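*Asks:* Handing you a structure now.
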Amino acid sequence: MHNNLEKSAIIPMKTIGPVRITGPVVNEELQVPLATFETPLWPSTNRGARVSVKSGGIHTVIVDDRMTRSVLVEAENAVKALETVKFLQSHTEDIKTVVEGTSRYARFLALNSEINANMIFIRLEIETGDASGHNMVTKAADAFLDWLLNSTADLKYISVSGNYCVDKKVSAVNGILGRGKNVIAEMIVPEKICRRYLKTIPEKIVEIYIKKNLIGSILSGGIRTANAHFANILLAFYLATGQDAANIIEGSQGFVHAELRNNDLYFSVTLPNIIVGTVGNGKDHDFVRSNLHNLGCLEKREPGGNAKRLAAIAAATVLCGELSLLAALTNRGELMRTHEKMERK
């Protein structure tokens with residue numbers, strides 16, 4: 001007889017930091033929780049955190065914020081499909097009313113469409129407050145479909161999710177049109193700090209950024225991505241804060257940029273698809289609520305403020321881990337020595 005009782009999977013968790021973060025969303029030093037089986041991730045990311053304190057902080061900026069769901073309907077032919085798209089373009093106020101009627105936190109932002117043969121892929125873009133927004137946009141998409149199918153003759157329903165969202169899959173469209181929170185984190189590391197704490201020099205980090213992250217990613221056929229291991233830090237952060245961990249797939253599609261500035265290192269990470277929330281599914285566990293509280297993400301703010309804060313912290317933490325790993329890779333043998341020391345029993 002199968003035991004269907006809910007059980008818990010225990011994943012080791014530690015805090016790293018403090019991480020010094022500056023900017024309009026976060027301006028303080030924070031201890032950041034990371035849950036992972038990859039134990040070298042803690043000291044490595046912590047090294048980046050130490051550099052953030054010594055260098056004056058990581059500046060974070062939220063560029064955009066939206067969640068998406070793409071419905072799929074079918075017309076009789078391509079001509080009628082185009083007519084449907086034109087109809088939608090002329091009825092955005094009606095669509096806004098329908099979408100925002102499904103939740104007091106839903107804010108309709110835009111609608112994009114793609115016609116393939118007689119199929120119409122319609123991508124709804126919605127601001128979802130402090131929720132990551134998966135269920136909110138699906139509920140809005142259901143209401144939109146009801147309105148569309150009742151307003152337009154001869155359309156056939158195919159799916160409430162047409163893979164043009166794009167949810168938990170590698171794509172180009174998310175980076176172009178946006179899905180989640182688009183966050184940039186950046187820092188200038190003085191040369192002496194780079195030498196002392198990262199055990200390398202700015203020139204070597206710029207070189208490995210170009211030759212590994214950029215050229216290596218191009219040669220491998222990477223889609224809108226040029227980084228060393230965003231996914232490692234995002235997964236650990238997502239698990240510790242009660243997020244849907246599968247969203248690291250699109251979340252890890254992002255970019256590092258590095259350059260010399262008067263012998264110092266300018267280092268940044270751009271993450272166009274950070275999908276996080278501070279309310280909703282997964283947030284009722286005691287450890288999650290404790291972590292969100294310690295990060296200052298359960299405060300009374302305007303709708304969306306806590307989730308934006310969490311996304312900024314995530315991006316800054318990713319920068320810490322990315323910078324530390326690239327620095328390690330400039331020194332032959334350092335990566336393997338660290339793993340052997342910490343993971344060989």
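Residues are referred to by chain and number: the chain letter is A, B, ... according to the order shown in the structure tokens, the number counts from 1 in that chain, and ligands are numbered separately from 1 in the order shown.
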Can you list every residue of range 224-275 of chain A that has an atom at most 12 Å from range 152-174 of chain A, with its nearest atom pair and the distance in Å to one decimal, using only C-alpha atoms, ordered by chain then number, as a Markdown table?
*Replies:*
```
| residue | atom | partner | partner_atom | distance |
| --- | --- | --- | --- | --- |
| A:Arg224 | CA | A:Ala172 | CA | 6.3 |
| A:Thr225 | CA | A:Ala172 | CA | 9.6 |
| A:Asp244 | CA | A:Lys168 | CA | 9.7 |
| A:Ala245 | CA | A:Lys168 | CA | 9.4 |
| A:Ala246 | CA | A:Lys168 | CA | 6.0 |
| A:Asn247 | CA | A:Lys168 | CA | 5.2 |
| A:Ile248 | CA | A:Lys168 | CA | 7.5 |
| A:Ile249 | CA | A:Lys168 | CA | 5.5 |
| A:Glu250 | CA | A:Val170 | CA | 5.8 |
| A:Gly251 | CA | A:Lys168 | CA | 8.7 |
| A:Ser252 | CA | A:Val170 | CA | 9.3 |
| A:Gln253 | CA | A:Val170 | CA | 7.8 |
| A:Gly254 | CA | A:Asn174 | CA | 10.9 |
| A:Leu271 | CA | A:Asn174 | CA | 11.0 |
| A:Pro272 | CA | A:Asn174 | CA | 7.8 |
| A:Asn273 | CA | A:Asn174 | CA | 7.1 |
| A:Ile274 | CA | A:Asn174 | CA | 10.7 |
| A:Ile275 | CA | A:Asp167 | CA | 10.2 |
```
*Asks:* Pick out each residue of range 171-282 of chain A that DSSP on the backbone tags as strand (DSSP E); I need them as a count of residues only.
*Replies:* 28
*Asks:* So what do you get for CA of Cys320 in chain A versus CA of Arg47 in chain A, distance-wise?
*Replies:* 7.3 Å
*Asks:* Which one is closest to Ser70 in chain A: A:Glu207, A:Glu114, A:Asp284, A:Asp146? Count only C-alpha atoms.
*Replies:* A:Glu114
*Asks:* As an exercise, work out the distance from CA of Ile10 in chain A to CA of Ala231 in chain A in Å and give it to one decimal place.
*Replies:*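 Straight-line distance from CA of Ile10 in chain A to CA of Ala231 in chain A works out to 19.9 Å.
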*Asks:* DSSP on the backbone: what in range 92-271 of chain A comes out helix (DSSP H, G or I), as a ChimeraX atom specification?
*Replies:* /A:92-100,134-151,173-177,191-198,202-220,230-240,245-251
*Asks:* Using only C-alpha atoms, which of the listed residues (A:Val256, A:Met187, A:Ala141, A:Ile58) sits closest to Leu72 in chain A?
*Replies:*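 Nearest candidate to Leu72 in chain A out of A:Val256, A:Met187, A:Ala141, A:Ile58: A:Ala141.
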*Asks:* If we count only C-alpha atoms and set the cut-off at 7 Å, which residues sit around Ile205 in chain A, ignoring sequence neighbours fewer than 6 positions away in its own chain? Please answer as a ChimeraX atom specification.
*Replies:* /A:326-327,330
*Asks:* Choose the residue, out of A:Thr241, A:Thr15, A:Asn135, A:Thr270, that has the smallest atom-to-atom separation from Ala258 in chain A; count only C-alpha atoms.
*Replies:*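 Checking each candidate against Ala258 in chain A, we get A:Thr270 as the closest.
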*Asks:* Closest to Ser151 in chain A among A:Glu302, A:Asp65, A:Asp94, A:Glu38, using only C-alpha atoms?
*Replies:*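 Under the stated criterion, the closest residue is A:Asp94.
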*Asks:* Grab the CA of Gly101 in chain A to CA of Lys283 in chain A distance for me, in Å with one decimal place.
*Replies:*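 Those two atoms sit 24.9 Å apart.
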*Asks:* Can you work out which one of A:Asn262, A:Thr97, A:Thr68, A:Thr84 has the shortest atom-to-atom distance to Thr138 in chain A, counting only C-alpha atoms?
*Replies:*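 Among the listed residues, A:Thr68 lies closest to Thr138 in chain A.
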*Asks:* For range 290-301 of chain A, please output as an mmCIF file with C-alpha atoms, in the first residue's frame all residues within 9 Å (counting only C-alpha atoms; exclusion window: fewer than 5 positions along the same chain).
*Replies:*
```
data_model
loop_
_atom_site.group_PDB
_atom_site.id
_atom_site.type_symbol
_atom_site.label_atom_id
_atom_site.label_comp_id
_atom_site.auth_asym_id
_atom_site.auth_seq_id
_atom_site.Cartn_x
_atom_site.Cartn_y
_atom_site.Cartn_z
ATOM 1 C CA LEU A 30 21.713 41.597 4.614
ATOM 2 C CA GLN A 31 22.386 37.986 5.510
ATOM 3 C CA VAL A 32 21.057 35.884 2.618
ATOM 4 C CA PRO A 33 19.818 32.276 2.989
ATOM 5 C CA ALA A 240 15.309 29.081 0.685
ATOM 6 C CA THR A 241 12.578 31.644 -0.040
ATOM 7 C CA GLY A 242 9.756 29.330 -1.150
ATOM 8 C CA THR A 278 6.534 36.933 -1.247
ATOM 9 C CA VAL A 279 2.936 35.673 -1.044
ATOM 10 C CA LYS A 283 5.290 30.848 1.407
ATOM 11 C CA HIS A 285 6.383 27.123 5.554
ATOM 12 C CA ASN A 306 8.239 43.192 -1.270
ATOM 13 C CA ALA A 307 8.607 41.041 -4.384
ATOM 14 C CA LYS A 308 10.731 43.701 -6.083
ATOM 15 C CA ARG A 309 12.932 43.854 -2.993
ATOM 16 C CA LEU A 310 13.336 40.069 -3.064
ATOM 17 C CA ILE A 313 18.415 40.728 -3.315
#
```
